[in-house]
Amino acid sequence: MGPIIKLILLNVVTYLILKFVLPNVPGSAPLPASLIFLYLLLTTSGFLILATVSAESKEEFWGPIQRFLVGDGIGGLQALRWVVLILFPLLVGWQTYNSTAVSDAPPGENRTIHPAPPGEYAGLSNPVPKTPETIQQGKGFYAAFCSPCHGGNFDGKGSAARGFNPPPANFADPTTIAMLQESYLFWRIKKGGVGLPIEGMPWKSAMPRWELELPDEWIWKIIMGEYDGAHQSPRTWE
Amino acid sequence: MGYQGGWIQRLLRSGSGHGGTLLGFAIAAGLLSLPALVFGADVAPAAPTEYRDIPYVGSRNVIWVVAQLHLLLAGFVLGVPMFAWVCEVVAWRGGEKRYDKLAKEFTKLLTSAYSTTALFGGILLFLLIAFYPKLMNYLTDIFFPSFIVYCILFLVETATLYLYWYGWDAMQYGGKKTFHIFLGLMLNVFAFFIMIIPNSWATFQSSPVVIAEGTDMARAWAATWNPTWWPVNIHRIIANVVLGGYICGAYAGIRYLSAKTPEERDHYDWMGYVGNFIGVFGLLALPFAGYWLMREIYQYNQQMGITLMGGFLSWLFILQAMLIGVLFLGSNYYFWLGITYRIPGSALKYRKPMLAMLVVLLLCLAVWMTPHSLVASLEEAAKMGGSHHPLLGVLGVMSAKMTVSNLMILVTFMSFIMYWRAGKQDTAGWAKIAKAIMGAILVLAGVAVIILGVWGYFVPAIIRINYFSTSQVLIVIGVMLTITPLTALLMKSAKTTTEMAWGKMPPRAGYSLVLNAIMVILLMTLMGYARSSSRVHWHVYGVVRDTSQYAFSPALGYASGIMALCTFFFCMIVAFIFWVATMGDKAKAVSASPSKGELPHGMPAMAGASSALDAPKAPKF
Amino acid sequence: MSEVARLQLICLSVVGSGILILLFIKSVFPRVIGFVAIVLGLFMLTALAVPQMASLPPVEEKFDIATVKTPTDLAAIGQKIFFSKGQCALCHTIGPSESARCPDLKGIGAKLSREFLYESMTQPQAYIYKDYRHEGLPKMYPAEMPAINKNPIGLSRNEILSVIAFLQQMSGEPISINPSELDVPGQAPAAPVKAAQSGPMAVAQAH
């Protein structure tokens with residue numbers, strides 16, 4: 001089997017796995033095209049590296065291609081060579097046109113999930129003492145104000161969560177609140193979706209601006225209740 | 001008015017009296033423009049000028065390019081002496097003359113490279129004073145004692161450099177050589193201080209401390225010791241070694257590609273090997289330094305940390321991962337090419353381990369390049385339920401990235417050991433046990449790094465950062481520190497089965513060396529942008545606000561254009577320096593060609609002077 | 001055509017000219033330049049393929065007395081000053097931190113009276129203990145806090161009061177500063193600052 005066929009086969013197999021196997025793993029979802037492209041690129045470059053690492057393997061891989069493109073006496077393939085030499089630049093041109101032409105497709109989704117907080121929030125710390133009572137109070141406030149969306153189990157699956165895009169944050173996921181400090185949550189709860197900076201796409205989040213409804217002290221208590229209920233702990237520096 | 005007219009006439013006459021109508025014209029033009037100046041002064045507000053701009057290009061872009069070029073040149077000028085000095089010491093202790101030759105070949109570049117760097121430093125200073133008077137005033141007020149120290153250091157460094165270079169042949173033997181080595185050491189020490197002083201200005205801008213009242217010295221000292229000063233110093237010094245090494249590699253690569261004689265091919269093949277080796281040596285340590293710097297930034301100000309890692313600059317780190325990935329792949333590729341081409345008959349023997357390493361490297365890269373927030377169309381995002389993937393999203397966080405970068409360092413280290421051992425056979429009786437131990441250490445270390453990485457998801461962030469990530473780093477360093485001496489011991493008694501054959505590398509080896517150098521330069525320009533835009537709309541973070549029209553930070557695509565431009569300019573400048581510095585050699589080689597094996601060394605590199613000085617000498621050769 | 005598309009076209013032409021050089025030119029140096037052009041062009045294309053986000057500076061906010069209605073408004077302004085113009089957060093933290101160079105201010109609003117806080121900011125050395133841990137005369141501790149109401153920081157009395165309000169809020173205390181105490185511009189400037197200073201000064205002499 002020629003190395004070129006191997007390369008094609010390898011890419012096809014990788015593609016099939018990424019496209020049809022991985023999304024069906026429990027808890028997974030279809031991969032975006034950009035990620036599949038990235039992985040295929042890595043596969044190809046890995047193959048090229050291995051194919052060109054010695055003189056023999058390079059000849060085995062590159063020789064046929066070179067003969068096809070510039071060699072003499074390839075007989076019936078001569079016509080195919082011309083087809084490739086004409087089609088390839090056209091393909092590049094078409095691709096370029098496609099990617100720069102105006103289209104009616106909505107622009108890609110590139111929302112930053114955890115944008116940087118404003119300076120005046122980054123350094124705050126929780127003024128409410130951490131006692132079982134305050135945590136319990138926080139959980140109570142959470143149940144009243146937050147759980148409809150973020151869920152009674154702190155998993156982002158509340159009764160009102162359906163239909164929101166982006167979905168309410170799942171606090172049990174170790175890549176959400178466990179990565180952040182309490183002051184970050186304070187900012188997010190207080191300012192809500194509209195308080196996000198531009199890279200967070202303030203018009204996309206349905207999170208209310210709770211500073212209009214709740215006093216600061218309640219928000220701090222809710223934060224404690226959230227961490228406790230989701231079995232996470234805030235990021236700290238000591 | 002009449003009086004003034006006479007004065008102008010007299011001036012004009014005095015100019016033409018010396019036969020200089022041009023001078024007269026210049027004076028007249030100058031006088032004519034005086035009213036314009038007065039007019040300008042009338043319109044300008046009473047407040048001092050805060051910013052100036054130039055049309056079309058924009059002051060910020062000019063400063064950006066000049067500052068980046070200055071930094072790259074400075075990195076080169078600081079990296080090369082380290083490199084040269086180590087080579088000289090190797091030659092001195094080990095007696096291998098070719099290392100001394102290599103060291104001299106690179107020191108020759110220094111004089112012209114040094115003056116070019118100073119030139120760009122000067123341009124940068126003038127432009128900064130012109131474009132950013134408010135900021136420069138503020139910084140001068142705080143730092144002027146260190147400005148003076150900086151100037152003195154420059155004098156000392158220049159003197160040392162001249163002694164070091166011009167005294168090379170005169171101080172070749174005995175005690176004089178020892179003194180010469182000492183000079184080289186001092187050259188590096190001064191260079192280090194020349195680096196850390198401007199670092200203090202730049203790091204103060206991103207992590208300022210409150211300047212209390214006190215003497216000028218006390219204020220400058222307090223501002224110098226800001227939280228990110230030492231992390232940046234260490235990071236930059238390692239990066240300079242890497243830059244010096246890879247540029248040496250790229251130079252050797254180009255010379256190798258254009259080499260005419262077998263001796264040249266041998267020499268530049270070997271030089272490329274040394275350059276790549278030094279580059280990789282630094283590269284292995286660089287992620288640790290970078291990690292420390294990032295940690296200090298996070299501690300200094302969480303906002304700045306998040307801006308970098310999770311906020312609007314988070315995509316920059318995906319780009320960085322790609323560049324570093326290419327760099328790791330390129331360096332390993334060069335090692336592997338070296339094994340298969342320099343050691344005849346080893347291609348098949350090492351194919352399997354290479355495949356294994358390659359697969360591990362690619363898997364690590366795949367993890368490293370997987371972003372937390374993905375680029376997805378609306379439809380795709382809806383299917384995933386947001387812009388991060390429920391399964392692969394976990395690969396996007398620090399714990400995963402830290403793990404794979406450590407694994408990649410381990411693999412690259414293995415590559416290097418493999419290269420070292422290739423073509424040699426162990427004779428020592430304990431070789432078998434030693435090899436088994438080494439294998440076990442590597443496997444255990446890899447497993448431990450992965451376990452710590454996975455476990456890192458289930459512990460609080462602070463435990464992961466303080467204990468897990470640090471342990472990962474310590475494990476990798478520990479592996480290097482145990483295996484390197486062990487291999488060295490084994491190699492001492494090993495017998496060589498196949499001699500290294502220099503000059504047999506294919507052209508793509510030369511290109512891969514060039515690629516590695518480009519990656520390092522691009523990385524430096526990219527991180528320059530990162531450091532500067534992590535300050536967002538501040539000149540001095542949280543203290544002096546940028547109120548100019550350029551207070552915004554441009555998007556990555558636009559910025560990458562300027563980075564590419566800087567990289568290209570820098571390459572051209574370095575190519576020019578190399579060309580100028582070797583011009584003398586070529587002239588000599590032509591006029592006194594018989595002894596081809598010994599590459600003659602030209603006079604130092606002050607542009608045209610070199611060939612002019614060489615010309616009368618050449619016939620005597 | 002959008003700016004991104006224009007830049008993409010530039011990149012593509014850079015890559016294309018690199019390929020042309022590699023295809024048709026045989027001498028080494030131009031070939032290397034062509035190779036570098038391809039690499040740089042691809043790098044730019046990659047950078048253009050990721051989301052393009054510029055960071056715009058936020059609007060500069062001015063201290064406007066008219067907007068302050070309640071003590072909480074005052075604390076909100078104080079919060080901004082604490083973390084920006086006042087430069088307090090360059091040294092102090094609220095809550096323990098490894099990076100803190102100066103005392104942790106968590107709960108400070110509950111521990112100290114507002115007069116004492118005011119004095120600490122305007123005359124930082126007034127109550128600092130001296131360093132006796134060496135022979136000879138006692139010394140001042142080296143890390144001196146600058147007077148906040150003087151240059152280079154130069155906060156006004158209003159600004160200092162709002163920072164105090166913020167510190168009290170962060171300690172879970174009721175805010176003891178009333179918006180009516182603020183100086184209204186154009187009405188009795190500077191004098192209240194002196195009055196506020198003279199109170200604690202008298203206490204200091206009594207000790």
# chains A, B, ... in the order shown; residues from 1 in each chain; ligands from 1
call {"tool": "residues_around", "arguments": {"residues": "stretch 84-91 of chain C", "least_positions_apart": "5", "cutoff": "10 Å", "atoms": "only C-alpha atoms", "output": "PyMOL selection string"}}
result
(chain A and resi 119-120+122-123) or (chain B and resi 207-210+300-301+541-545) or (chain C and resi 78-79+99-105+121+145+148-149+152-155+159-160+163)
call {"tool": "write_last_selection", "arguments": {"atoms": "C-alpha atoms", "output": "PDB file, in the first residue's frame"}}
result
ATOM      1  CA  GLY A 119     -10.567  46.270  38.315  1.00  0.00           C
ATOM      2  CA  GLU A 120     -12.853  47.359  41.093  1.00  0.00           C
ATOM      3  CA  ALA A 122     -11.102  41.793  41.058  1.00  0.00           C
ATOM      4  CA  GLY A 123      -9.818  42.413  44.568  1.00  0.00           C
TER       5      GLY A 123
ATOM      6  CA  SER B 207       2.934  45.851  37.721  1.00  0.00           C
ATOM      7  CA  PRO B 208       3.543  49.201  39.379  1.00  0.00           C
ATOM      8  CA  VAL B 209       4.058  49.650  43.082  1.00  0.00           C
ATOM      9  CA  VAL B 210       3.174  52.744  45.040  1.00  0.00           C
ATOM     10  CA  TYR B 300      -0.352  40.679  41.291  1.00  0.00           C
ATOM     11  CA  ASN B 301      -3.682  41.379  39.722  1.00  0.00           C
ATOM     12  CA  TYR B 541      -1.326  49.691  34.948  1.00  0.00           C
ATOM     13  CA  GLY B 542      -3.925  51.323  37.171  1.00  0.00           C
ATOM     14  CA  VAL B 543      -1.868  54.505  37.532  1.00  0.00           C
ATOM     15  CA  VAL B 544      -1.308  56.356  34.260  1.00  0.00           C
ATOM     16  CA  ARG B 545      -4.181  55.976  31.876  1.00  0.00           C
TER      17      ARG B 545
ATOM     18  CA  GLY C  78     -15.199  54.439  46.699  1.00  0.00           C
ATOM     19  CA  GLN C  79     -14.830  50.931  45.322  1.00  0.00           C
ATOM     20  CA  SER C  99       1.009  39.145  46.959  1.00  0.00           C
ATOM     21  CA  ALA C 100       0.011  41.666  49.623  1.00  0.00           C
ATOM     22  CA  ARG C 101       2.832  44.013  50.493  1.00  0.00           C
ATOM     23  CA  CYS C 102       0.908  45.970  53.099  1.00  0.00           C
ATOM     24  CA  PRO C 103      -1.696  45.208  55.755  1.00  0.00           C
ATOM     25  CA  ASP C 104      -4.762  43.279  54.716  1.00  0.00           C
ATOM     26  CA  LEU C 105      -7.751  45.649  54.862  1.00  0.00           C
ATOM     27  CA  MET C 121      -4.641  58.041  54.716  1.00  0.00           C
ATOM     28  CA  MET C 145       2.555  54.767  52.781  1.00  0.00           C
ATOM     29  CA  ILE C 148      -3.124  60.042  49.854  1.00  0.00           C
ATOM     30  CA  ASN C 149      -4.304  63.634  49.687  1.00  0.00           C
ATOM     31  CA  PRO C 152       1.159  61.930  43.091  1.00  0.00           C
ATOM     32  CA  ILE C 153      -2.128  60.309  44.120  1.00  0.00           C
ATOM     33  CA  GLY C 154      -3.846  63.433  45.377  1.00  0.00           C
ATOM     34  CA  LEU C 155      -7.362  62.290  46.271  1.00  0.00           C
ATOM     35  CA  GLU C 159     -12.870  60.793  47.282  1.00  0.00           C
ATOM     36  CA  ILE C 160     -11.243  59.790  50.556  1.00  0.00           C
ATOM     37  CA  VAL C 163     -13.157  55.132  50.002  1.00  0.00           C
TER      38      VAL C 163
END
call {"tool": "residues_around", "arguments": {"residues": "B:Phe143", "least_positions_apart": "2", "cutoff": "9 Å", "atoms": "only C-alpha atoms", "output": "list of chain:residue names"}}
result
B:Tyr138, B:Leu139, B:Thr140, B:Asp141, B:Pro145, B:Ser146, B:Phe147, B:Trp201, B:Asp216, B:Met217, B:Arg219, B:Ala220, B:Trp221, B:Ala223, B:Thr224
call {"tool": "closest_residue", "arguments": {"among": "B:Ile194, B:Met322, B:Ile339, B:Leu486", "to": "chain C", "atoms": "only C-alpha atoms"}}
result
B:Met322
call {"tool": "interface_residues", "arguments": {"of": "chain A", "to": "chain B", "cutoff": "8 Å", "atoms": "only C-alpha atoms", "output": "ChimeraX atom specification"}}
result
/A:27-35,38-39,42-43,46,49-50,53-55,106-119,122-123,165-167,174-175,178-179,199,232-238
call {"tool": "closest_atom_pairs", "arguments": {"of": "chain B", "to": "chain C", "cutoff": "8 Å", "atoms": "only C-alpha atoms", "output": "JSON lines"}}
result
{"residue": "B:Pro208", "atom": "CA", "partner": "C:Leu90", "partner_atom": "CA", "distance": 7.1}
{"residue": "B:Val209", "atom": "CA", "partner": "C:Leu90", "partner_atom": "CA", "distance": 5.7}
{"residue": "B:Val210", "atom": "CA", "partner": "C:Leu90", "partner_atom": "CA", "distance": 6.4}
{"residue": "B:Ile211", "atom": "CA", "partner": "C:Pro146", "partner_atom": "CA", "distance": 7.4}
{"residue": "B:Ala212", "atom": "CA", "partner": "C:Pro146", "partner_atom": "CA", "distance": 4.8}
{"residue": "B:Glu213", "atom": "CA", "partner": "C:Pro146", "partner_atom": "CA", "distance": 6.4}
{"residue": "B:Ile254", "atom": "CA", "partner": "C:Phe29", "partner_atom": "CA", "distance": 7.3}
{"residue": "B:Leu257", "atom": "CA", "partner": "C:Val28", "partner_atom": "CA", "distance": 6.7}
{"residue": "B:Ser258", "atom": "CA", "partner": "C:Val28", "partner_atom": "CA", "distance": 5.9}
{"residue": "B:Gln299", "atom": "CA", "partner": "C:Ser99", "partner_atom": "CA", "distance": 5.8}
{"residue": "B:Tyr300", "atom": "CA", "partner": "C:Ser99", "partner_atom": "CA", "distance": 6.0}
{"residue": "B:Phe312", "atom": "CA", "partner": "C:Met53", "partner_atom": "CA", "distance": 6.4}
{"residue": "B:Trp315", "atom": "CA", "partner": "C:Val50", "partner_atom": "CA", "distance": 6.9}
{"residue": "B:Leu319", "atom": "CA", "partner": "C:Ala47", "partner_atom": "CA", "distance": 7.0}
{"residue": "B:Val375", "atom": "CA", "partner": "C:Val50", "partner_atom": "CA", "distance": 7.1}
{"residue": "B:Tyr511", "atom": "CA", "partner": "C:Val32", "partner_atom": "CA", "distance": 7.5}
{"residue": "B:Val514", "atom": "CA", "partner": "C:Val36", "partner_atom": "CA", "distance": 7.9}
{"residue": "B:Leu515", "atom": "CA", "partner": "C:Val36", "partner_atom": "CA", "distance": 7.5}
{"residue": "B:Ile518", "atom": "CA", "partner": "C:Val36", "partner_atom": "CA", "distance": 7.4}
{"residue": "B:Val536", "atom": "CA", "partner": "C:Ser55", "partner_atom": "CA", "distance": 7.0}
{"residue": "B:His537", "atom": "CA", "partner": "C:Pro57", "partner_atom": "CA", "distance": 5.4}
{"residue": "B:Gly542", "atom": "CA", "partner": "C:Ser84", "partner_atom": "CA", "distance": 5.3}
{"residue": "B:Val543", "atom": "CA", "partner": "C:Lys85", "partner_atom": "CA", "distance": 6.5}
{"residue": "B:Ala551", "atom": "CA", "partner": "C:Pro57", "partner_atom": "CA", "distance": 6.3}
{"residue": "B:Phe552", "atom": "CA", "partner": "C:Leu56", "partner_atom": "CA", "distance": 4.7}
{"residue": "B:Ser553", "atom": "CA", "partner": "C:Ser55", "partner_atom": "CA", "distance": 5.1}
{"residue": "B:Pro554", "atom": "CA", "partner": "C:Ala54", "partner_atom": "CA", "distance": 4.8}
{"residue": "B:Ala555", "atom": "CA", "partner": "C:Ala54", "partner_atom": "CA", "distance": 4.3}
{"residue": "B:Leu556", "atom": "CA", "partner": "C:Ala47", "partner_atom": "CA", "distance": 6.0}
{"residue": "B:Gly557", "atom": "CA", "partner": "C:Leu48", "partner_atom": "CA", "distance": 4.4}
{"residue": "B:Tyr558", "atom": "CA", "partner": "C:Leu7", "partner_atom": "CA", "distance": 7.6}
{"residue": "B:Ser560", "atom": "CA", "partner": "C:Met44", "partner_atom": "CA", "distance": 5.5}
{"residue": "B:Gly561", "atom": "CA", "partner": "C:Met44", "partner_atom": "CA", "distance": 6.2}
{"residue": "B:Ala564", "atom": "CA", "partner": "C:Leu40", "partner_atom": "CA", "distance": 5.7}
{"residue": "B:Phe568", "atom": "CA", "partner": "C:Val36", "partner_atom": "CA", "distance": 8.0}
call {"tool": "select_by_dssp", "arguments": {"residues": "stretch 155-269 of chain B", "states": "alpha helix (DSSP H)", "output": "ChimeraX atom specification"}}
result
/B:155-166,174-206,216-224,229-257,262-269
call {"tool": "write_last_selection", "arguments": {"atoms": "C-alpha atoms", "output": "PDB file, in the first residue's frame"}}
result
ATOM      1  CA  LEU B 155      30.295  52.294  28.576  1.00  0.00           C
ATOM      2  CA  VAL B 156      31.677  49.360  30.540  1.00  0.00           C
ATOM      3  CA  GLU B 157      30.009  46.806  28.295  1.00  0.00           C
ATOM      4  CA  THR B 158      31.345  48.450  25.153  1.00  0.00           C
ATOM      5  CA  ALA B 159      34.881  48.543  26.514  1.00  0.00           C
ATOM      6  CA  THR B 160      34.665  44.897  27.552  1.00  0.00           C
ATOM      7  CA  LEU B 161      33.305  43.890  24.186  1.00  0.00           C
ATOM      8  CA  TYR B 162      36.136  45.618  22.332  1.00  0.00           C
ATOM      9  CA  LEU B 163      38.723  44.002  24.576  1.00  0.00           C
ATOM     10  CA  TYR B 164      37.045  40.634  24.193  1.00  0.00           C
ATOM     11  CA  TRP B 165      36.834  40.751  20.423  1.00  0.00           C
ATOM     12  CA  TYR B 166      40.031  42.540  19.467  1.00  0.00           C
ATOM     13  CA  GLY B 174      48.038  30.241  28.863  1.00  0.00           C
ATOM     14  CA  GLY B 175      47.168  32.786  31.491  1.00  0.00           C
ATOM     15  CA  LYS B 176      46.085  35.243  28.833  1.00  0.00           C
ATOM     16  CA  LYS B 177      43.412  32.829  27.685  1.00  0.00           C
ATOM     17  CA  THR B 178      42.162  32.574  31.242  1.00  0.00           C
ATOM     18  CA  PHE B 179      41.909  36.342  31.326  1.00  0.00           C
ATOM     19  CA  HIS B 180      40.088  36.285  28.024  1.00  0.00           C
ATOM     20  CA  ILE B 181      37.574  33.785  29.396  1.00  0.00           C
ATOM     21  CA  PHE B 182      37.153  36.083  32.378  1.00  0.00           C
ATOM     22  CA  LEU B 183      36.517  38.988  30.016  1.00  0.00           C
ATOM     23  CA  GLY B 184      33.846  36.902  28.321  1.00  0.00           C
ATOM     24  CA  LEU B 185      32.235  36.210  31.671  1.00  0.00           C
ATOM     25  CA  MET B 186      32.254  39.915  32.541  1.00  0.00           C
ATOM     26  CA  LEU B 187      30.757  40.684  29.140  1.00  0.00           C
ATOM     27  CA  ASN B 188      27.843  38.454  30.022  1.00  0.00           C
ATOM     28  CA  VAL B 189      27.518  39.838  33.531  1.00  0.00           C
ATOM     29  CA  PHE B 190      27.344  43.419  32.263  1.00  0.00           C
ATOM     30  CA  ALA B 191      24.975  42.364  29.518  1.00  0.00           C
ATOM     31  CA  PHE B 192      22.732  40.796  32.127  1.00  0.00           C
ATOM     32  CA  PHE B 193      22.550  44.045  34.058  1.00  0.00           C
ATOM     33  CA  ILE B 194      21.952  45.955  30.827  1.00  0.00           C
ATOM     34  CA  MET B 195      18.985  43.677  30.284  1.00  0.00           C
ATOM     35  CA  ILE B 196      17.452  43.832  33.731  1.00  0.00           C
ATOM     36  CA  ILE B 197      17.476  47.618  34.048  1.00  0.00           C
ATOM     37  CA  PRO B 198      15.130  48.284  31.108  1.00  0.00           C
ATOM     38  CA  ASN B 199      13.163  45.252  32.265  1.00  0.00           C
ATOM     39  CA  SER B 200      12.451  47.138  35.460  1.00  0.00           C
ATOM     40  CA  TRP B 201      10.978  50.045  33.472  1.00  0.00           C
ATOM     41  CA  ALA B 202       8.836  47.760  31.377  1.00  0.00           C
ATOM     42  CA  THR B 203       7.670  45.580  34.254  1.00  0.00           C
ATOM     43  CA  PHE B 204       6.902  48.642  36.340  1.00  0.00           C
ATOM     44  CA  GLN B 205       4.472  49.634  33.621  1.00  0.00           C
ATOM     45  CA  SER B 206       2.571  46.387  33.984  1.00  0.00           C
ATOM     46  CA  ASP B 216      15.444  59.668  44.188  1.00  0.00           C
ATOM     47  CA  MET B 217      17.469  56.532  44.721  1.00  0.00           C
ATOM     48  CA  ALA B 218      14.927  55.083  47.135  1.00  0.00           C
ATOM     49  CA  ARG B 219      12.066  55.792  44.753  1.00  0.00           C
ATOM     50  CA  ALA B 220      13.830  54.275  41.760  1.00  0.00           C
ATOM     51  CA  TRP B 221      14.844  51.279  43.840  1.00  0.00           C
ATOM     52  CA  ALA B 222      11.304  50.684  45.073  1.00  0.00           C
ATOM     53  CA  ALA B 223       9.907  50.932  41.554  1.00  0.00           C
ATOM     54  CA  THR B 224      12.577  48.591  40.223  1.00  0.00           C
ATOM     55  CA  TRP B 229      10.656  42.128  37.575  1.00  0.00           C
ATOM     56  CA  TRP B 230      12.497  38.916  38.424  1.00  0.00           C
ATOM     57  CA  PRO B 231      10.116  36.563  36.648  1.00  0.00           C
ATOM     58  CA  VAL B 232      10.579  38.621  33.475  1.00  0.00           C
ATOM     59  CA  ASN B 233      14.358  38.761  33.968  1.00  0.00           C
ATOM     60  CA  ILE B 234      14.608  34.992  34.228  1.00  0.00           C
ATOM     61  CA  HIS B 235      12.143  34.394  31.430  1.00  0.00           C
ATOM     62  CA  ARG B 236      13.976  36.762  29.127  1.00  0.00           C
ATOM     63  CA  ILE B 237      17.441  35.462  29.854  1.00  0.00           C
ATOM     64  CA  ILE B 238      16.373  31.915  29.019  1.00  0.00           C
ATOM     65  CA  ALA B 239      14.516  33.146  25.943  1.00  0.00           C
ATOM     66  CA  ASN B 240      17.682  34.935  24.826  1.00  0.00           C
ATOM     67  CA  VAL B 241      19.637  31.692  24.992  1.00  0.00           C
ATOM     68  CA  VAL B 242      16.918  30.058  22.915  1.00  0.00           C
ATOM     69  CA  LEU B 243      16.915  32.907  20.396  1.00  0.00           C
ATOM     70  CA  GLY B 244      20.710  32.920  20.132  1.00  0.00           C
ATOM     71  CA  GLY B 245      20.796  29.156  19.651  1.00  0.00           C
ATOM     72  CA  TYR B 246      18.084  28.971  17.021  1.00  0.00           C
ATOM     73  CA  ILE B 247      19.403  31.956  15.075  1.00  0.00           C
ATOM     74  CA  CYS B 248      22.812  30.335  15.033  1.00  0.00           C
ATOM     75  CA  GLY B 249      21.023  27.228  13.749  1.00  0.00           C
ATOM     76  CA  ALA B 250      19.198  29.173  11.052  1.00  0.00           C
ATOM     77  CA  TYR B 251      22.389  30.883   9.931  1.00  0.00           C
ATOM     78  CA  ALA B 252      24.111  27.514   9.733  1.00  0.00           C
ATOM     79  CA  GLY B 253      21.114  26.147   7.871  1.00  0.00           C
ATOM     80  CA  ILE B 254      21.288  28.835   5.191  1.00  0.00           C
ATOM     81  CA  ARG B 255      25.044  28.545   4.863  1.00  0.00           C
ATOM     82  CA  TYR B 256      24.656  24.777   4.670  1.00  0.00           C
ATOM     83  CA  LEU B 257      22.129  25.082   1.873  1.00  0.00           C
ATOM     84  CA  PRO B 262      32.467  19.398   1.538  1.00  0.00           C
ATOM     85  CA  GLU B 263      34.419  21.182   4.299  1.00  0.00           C
ATOM     86  CA  GLU B 264      31.823  23.953   4.367  1.00  0.00           C
ATOM     87  CA  ARG B 265      29.036  21.405   4.449  1.00  0.00           C
ATOM     88  CA  ASP B 266      30.683  19.601   7.354  1.00  0.00           C
ATOM     89  CA  HIS B 267      31.260  22.788   9.274  1.00  0.00           C
ATOM     90  CA  TYR B 268      27.789  24.263   8.860  1.00  0.00           C
ATOM     91  CA  ASP B 269      26.050  20.971   9.436  1.00  0.00           C
TER      92      ASP B 269
END
call {"tool": "residues_around", "arguments": {"residues": "stretch 491-501 of chain B", "least_positions_apart": "4", "cutoff": "8 Å", "atoms": "only C-alpha atoms", "output": "mmCIF file with N, CA and C atoms, in the first residue's frame"}}
result
data_model
loop_
_atom_site.group_PDB
_atom_site.id
_atom_site.type_symbol
_atom_site.label_atom_id
_atom_site.label_comp_id
_atom_site.auth_asym_id
_atom_site.auth_seq_id
_atom_site.Cartn_x
_atom_site.Cartn_y
_atom_site.Cartn_z
ATOM 1 N N TYR B 341 20.199 10.494 9.045
ATOM 2 C CA TYR B 341 21.132 10.851 7.980
ATOM 3 C C TYR B 341 22.588 10.829 8.436
ATOM 4 N N ARG B 342 22.855 11.235 9.661
ATOM 5 C CA ARG B 342 24.253 11.321 10.070
ATOM 6 C C ARG B 342 24.786 9.974 10.489
ATOM 7 N N ILE B 343 23.872 9.056 10.906
ATOM 8 C CA ILE B 343 24.309 7.744 11.329
ATOM 9 C C ILE B 343 23.783 6.751 10.318
ATOM 10 N N PRO B 344 24.572 6.416 9.342
ATOM 11 C CA PRO B 344 24.078 5.589 8.247
ATOM 12 C C PRO B 344 23.541 4.255 8.755
ATOM 13 N N ARG B 421 22.710 8.771 22.100
ATOM 14 C CA ARG B 421 23.119 7.381 22.203
ATOM 15 C C ARG B 421 23.212 6.690 20.845
ATOM 16 N N GLY B 423 24.143 5.194 17.423
ATOM 17 C CA GLY B 423 25.407 4.780 16.821
ATOM 18 C C GLY B 423 26.473 4.395 17.825
ATOM 19 N N LYS B 424 26.077 4.187 19.068
ATOM 20 C CA LYS B 424 27.061 3.789 20.080
ATOM 21 C C LYS B 424 26.573 2.524 20.776
ATOM 22 N N GLN B 425 27.537 1.734 21.227
ATOM 23 C CA GLN B 425 27.160 0.508 21.917
ATOM 24 C C GLN B 425 27.746 0.530 23.317
ATOM 25 N N ASP B 426 26.898 0.202 24.285
ATOM 26 C CA ASP B 426 27.370 0.216 25.673
ATOM 27 C C ASP B 426 28.303 -0.956 25.915
ATOM 28 N N THR B 427 29.378 -0.701 26.676
ATOM 29 C CA THR B 427 30.287 -1.793 27.006
ATOM 30 C C THR B 427 30.271 -2.068 28.502
ATOM 31 N N ALA B 428 29.835 -1.098 29.275
ATOM 32 C CA ALA B 428 29.866 -1.258 30.728
ATOM 33 C C ALA B 428 28.962 -2.418 31.154
ATOM 34 N N THR B 487 23.450 8.913 31.504
ATOM 35 C CA THR B 487 23.786 8.677 30.096
ATOM 36 C C THR B 487 25.229 9.082 29.827
#
call {"tool": "residues_around", "arguments": {"residues": "A:Ile135", "least_positions_apart": "4", "cutoff": "12 Å", "atoms": "only C-alpha atoms", "output": "PyMOL selection string"}}
result
chain A and resi 128-131+139-142+217-229
call {"tool": "residues_around", "arguments": {"residues": "stretch 113-122 of chain B", "least_positions_apart": "4", "cutoff": "7 Å", "atoms": "only C-alpha atoms", "output": "number ranges by chain"}}
result
B: 66, 70, 73-74, 77, 109, 126, 577
call {"tool": "atom_distance", "arguments": {"atom1": "atom CA of B:Phe288", "atom2": "atom CA of B:Ile450"}}
result
17.0 Å
call {"tool": "closest_residue", "arguments": {"among": "A:Val70, A:Cys149, A:Ile8, A:Ala169", "to": "chain C", "atoms": "only C-alpha atoms"}}
result
A:Val70
